[in-house]
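Trainee: Got a structure here, written out as structure tokens. Questions coming.
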Amino acid sequence: MPPERAPSAALREVGGAIDAHLLDAIIAGLLRHPQQISQHAEALAGLNVANDRSSALLSRMIDAALMHQGLDSEGMLTILGTSPEYNRAIELLRADGMHFSFTRPIKSGAPDERDVVASDAIVLRDLDEAIAAIVAWPEVERALAAATNAARIALDETSFAEQQRLVRARADLANRLAQLADSGRAG
């Protein structure tokens, strides 16, 4: 079944390197929800972040989250406030065009506390899914490149099936990231 709308150009071009805009959106989400950093610290630390400023910020955030359990957004910004990464953090928090639920400012004063809890659960789920997808993407790309190479050498039913499975896996990741981006547009 085709997606409702095609993935953005940025998502189609993620390839082996991680898309900078998508990674910046995740970093912005982690700035808003730093309690999520600890559970993803190893995966986040292993990401290939091309932008030096974003890389330094993510590294500093991981260190801070591991040293200060239960850190909230204000606490993270306070820690970053004495470092060069603070300005990059503020840029990401103010960035327009990041259409993910986890990049939106945290709303307070909702009509019903149950709405806040439900909204927080969705935001954290979306952030977790985006992290999982961005971590999986390079692995799928590497496996697809290897399967494509194997199919070039000896095209048989097995090599073709593996290549097609990986093409579908990559498309599924791109579609899920597009859905997550769309979920941030509503609201």
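Letters A, B, ... go to the chains of the structure tokens in the order shown; residues in each chain start at 1; ligands are counted from 1 in the same order.
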Output as a ChimeraX atom specification all residues of stretch 77-155 of chain A that backbone DSSP marks as alpha helix (DSSP H).
Mentor: /A:77-80,85-94,113-153
Trainee: Any chance you could export the current selection's C-alpha atoms as a short mmCIF file (atom, residue, chain, number, x, y, z; two decimals), in the first residue's frame?
Mentor:
```
data_model
loop_
_atom_site.label_atom_id
_atom_site.label_comp_id
_atom_site.auth_asym_id
_atom_site.auth_seq_id
_atom_site.Cartn_x
_atom_site.Cartn_y
_atom_site.Cartn_z
CA LEU A 77 19.81 24.38 29.20
CA THR A 78 21.34 25.50 32.49
CA ILE A 79 24.13 22.96 32.12
CA LEU A 80 24.66 23.94 28.48
CA GLU A 85 26.82 24.31 22.61
CA TYR A 86 24.20 26.51 24.32
CA ASN A 87 23.74 28.71 21.23
CA ARG A 88 23.20 25.67 18.99
CA ALA A 89 20.63 24.35 21.47
CA ILE A 90 18.71 27.64 21.38
CA GLU A 91 18.84 27.65 17.55
CA LEU A 92 17.33 24.17 17.45
CA LEU A 93 14.62 24.98 19.96
CA ARG A 94 13.60 28.01 17.88
CA GLU A 113 -4.40 16.69 33.05
CA ARG A 114 -5.31 13.44 31.25
CA ASP A 115 -4.83 15.35 27.97
CA VAL A 116 -1.32 16.35 29.05
CA VAL A 117 -0.41 12.77 30.03
CA ALA A 118 -1.80 11.37 26.75
CA SER A 119 -0.02 14.06 24.75
CA ASP A 120 3.27 13.43 26.57
CA ALA A 121 2.97 9.69 25.91
CA ILE A 122 2.47 10.31 22.18
CA VAL A 123 5.37 12.77 22.03
CA LEU A 124 7.74 10.40 23.82
CA ARG A 125 6.61 7.47 21.65
CA ASP A 126 7.20 9.55 18.51
CA LEU A 127 10.64 10.60 19.73
CA ASP A 128 11.56 6.99 20.55
CA GLU A 129 10.39 5.85 17.10
CA ALA A 130 12.33 8.61 15.33
CA ILE A 131 15.49 7.67 17.22
CA ALA A 132 15.00 3.99 16.40
CA ALA A 133 14.48 4.81 12.71
CA ILE A 134 17.48 7.10 12.42
CA VAL A 135 19.67 4.51 14.14
CA ALA A 136 18.36 1.72 11.89
CA TRP A 137 18.67 3.69 8.64
CA PRO A 138 22.45 3.38 8.11
CA GLU A 139 22.29 -0.35 8.94
CA VAL A 140 19.55 -0.90 6.37
CA GLU A 141 21.50 1.15 3.80
CA ARG A 142 24.68 -0.89 4.38
CA ALA A 143 22.78 -4.18 4.15
CA LEU A 144 20.99 -3.02 1.00
CA ALA A 145 24.28 -2.02 -0.64
CA ALA A 146 25.73 -5.44 0.20
CA ALA A 147 22.61 -7.24 -1.09
CA THR A 148 22.66 -5.18 -4.29
CA ASN A 149 26.32 -6.03 -4.80
CA ALA A 150 25.62 -9.72 -4.18
CA ALA A 151 22.76 -9.61 -6.70
CA ARG A 152 25.10 -8.07 -9.29
CA ILE A 153 27.56 -10.90 -8.79
#
```
Trainee: Have a look at A:Arg53, A:Thr103, A:Ala45, A:Leu166 and name the one nearest to A:Ile26; count only C-alpha atoms.
Mentor: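 When distances to A:Ile26 are compared using only C-alpha atoms, the smallest one comes from A:Thr103.
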Trainee: Would you work out the distance separating atom CA of A:Glu42 from atom CA of A:Ala181, expressed in Å to one decimal?
Mentor: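 If I compute the distance from atom CA of A:Glu42 to atom CA of A:Ala181, I get 24.2 Å.
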Trainee: Rounded to one decimal in Å, what is the spacing between atom CA of A:Ala174 and atom CA of A:Phe100?
Mentor: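 Distance between the two atoms: 14.1 Å.
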Trainee: In Å to one decimal, how far is atom CA of A:Leu57 from atom CA of A:Ser38?
Mentor: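 About the pair atom CA of A:Ser38 and atom CA of A:Leu57: they are 15.1 Å apart.
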Trainee: Tell me, as a VMD selection string, which residues lie within 9 Å of stretch 63-76 of chain A, counting only C-alpha atoms; anything in the same chain fewer than 2 positions away does not count.
Mentor: chain A and resid 30 to 38 41 58 to 61 78 to 81
Trainee: Those residues you just picked out, can you put them in a file as a PDB file, in the first residue's frame with C-alpha atoms?
Mentor:
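Printed below is part03.pdb as written:
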```
ATOM      1  CA  LEU A  30      15.831  15.556  23.251  1.00  0.00           C
ATOM      2  CA  LEU A  31      16.385  19.124  24.448  1.00  0.00           C
ATOM      3  CA  ARG A  32      12.661  19.304  25.235  1.00  0.00           C
ATOM      4  CA  HIS A  33      12.628  15.781  26.722  1.00  0.00           C
ATOM      5  CA  PRO A  34      16.130  15.070  28.067  1.00  0.00           C
ATOM      6  CA  GLN A  35      14.807  12.253  30.245  1.00  0.00           C
ATOM      7  CA  GLN A  36      14.812  10.167  27.040  1.00  0.00           C
ATOM      8  CA  ILE A  37      18.549  10.545  26.459  1.00  0.00           C
ATOM      9  CA  SER A  38      19.725   7.957  28.995  1.00  0.00           C
ATOM     10  CA  ALA A  41      22.585   7.060  25.025  1.00  0.00           C
ATOM     11  CA  LEU A  58      24.545  15.880  21.220  1.00  0.00           C
ATOM     12  CA  SER A  59      27.716  14.647  22.899  1.00  0.00           C
ATOM     13  CA  ARG A  60      27.398  17.256  25.651  1.00  0.00           C
ATOM     14  CA  MET A  61      23.716  16.402  26.140  1.00  0.00           C
ATOM     15  CA  THR A  78      21.336  25.504  32.491  1.00  0.00           C
ATOM     16  CA  ILE A  79      24.134  22.963  32.117  1.00  0.00           C
ATOM     17  CA  LEU A  80      24.665  23.940  28.479  1.00  0.00           C
ATOM     18  CA  GLY A  81      24.560  27.632  29.399  1.00  0.00           C
TER      19      GLY A  81
END
```
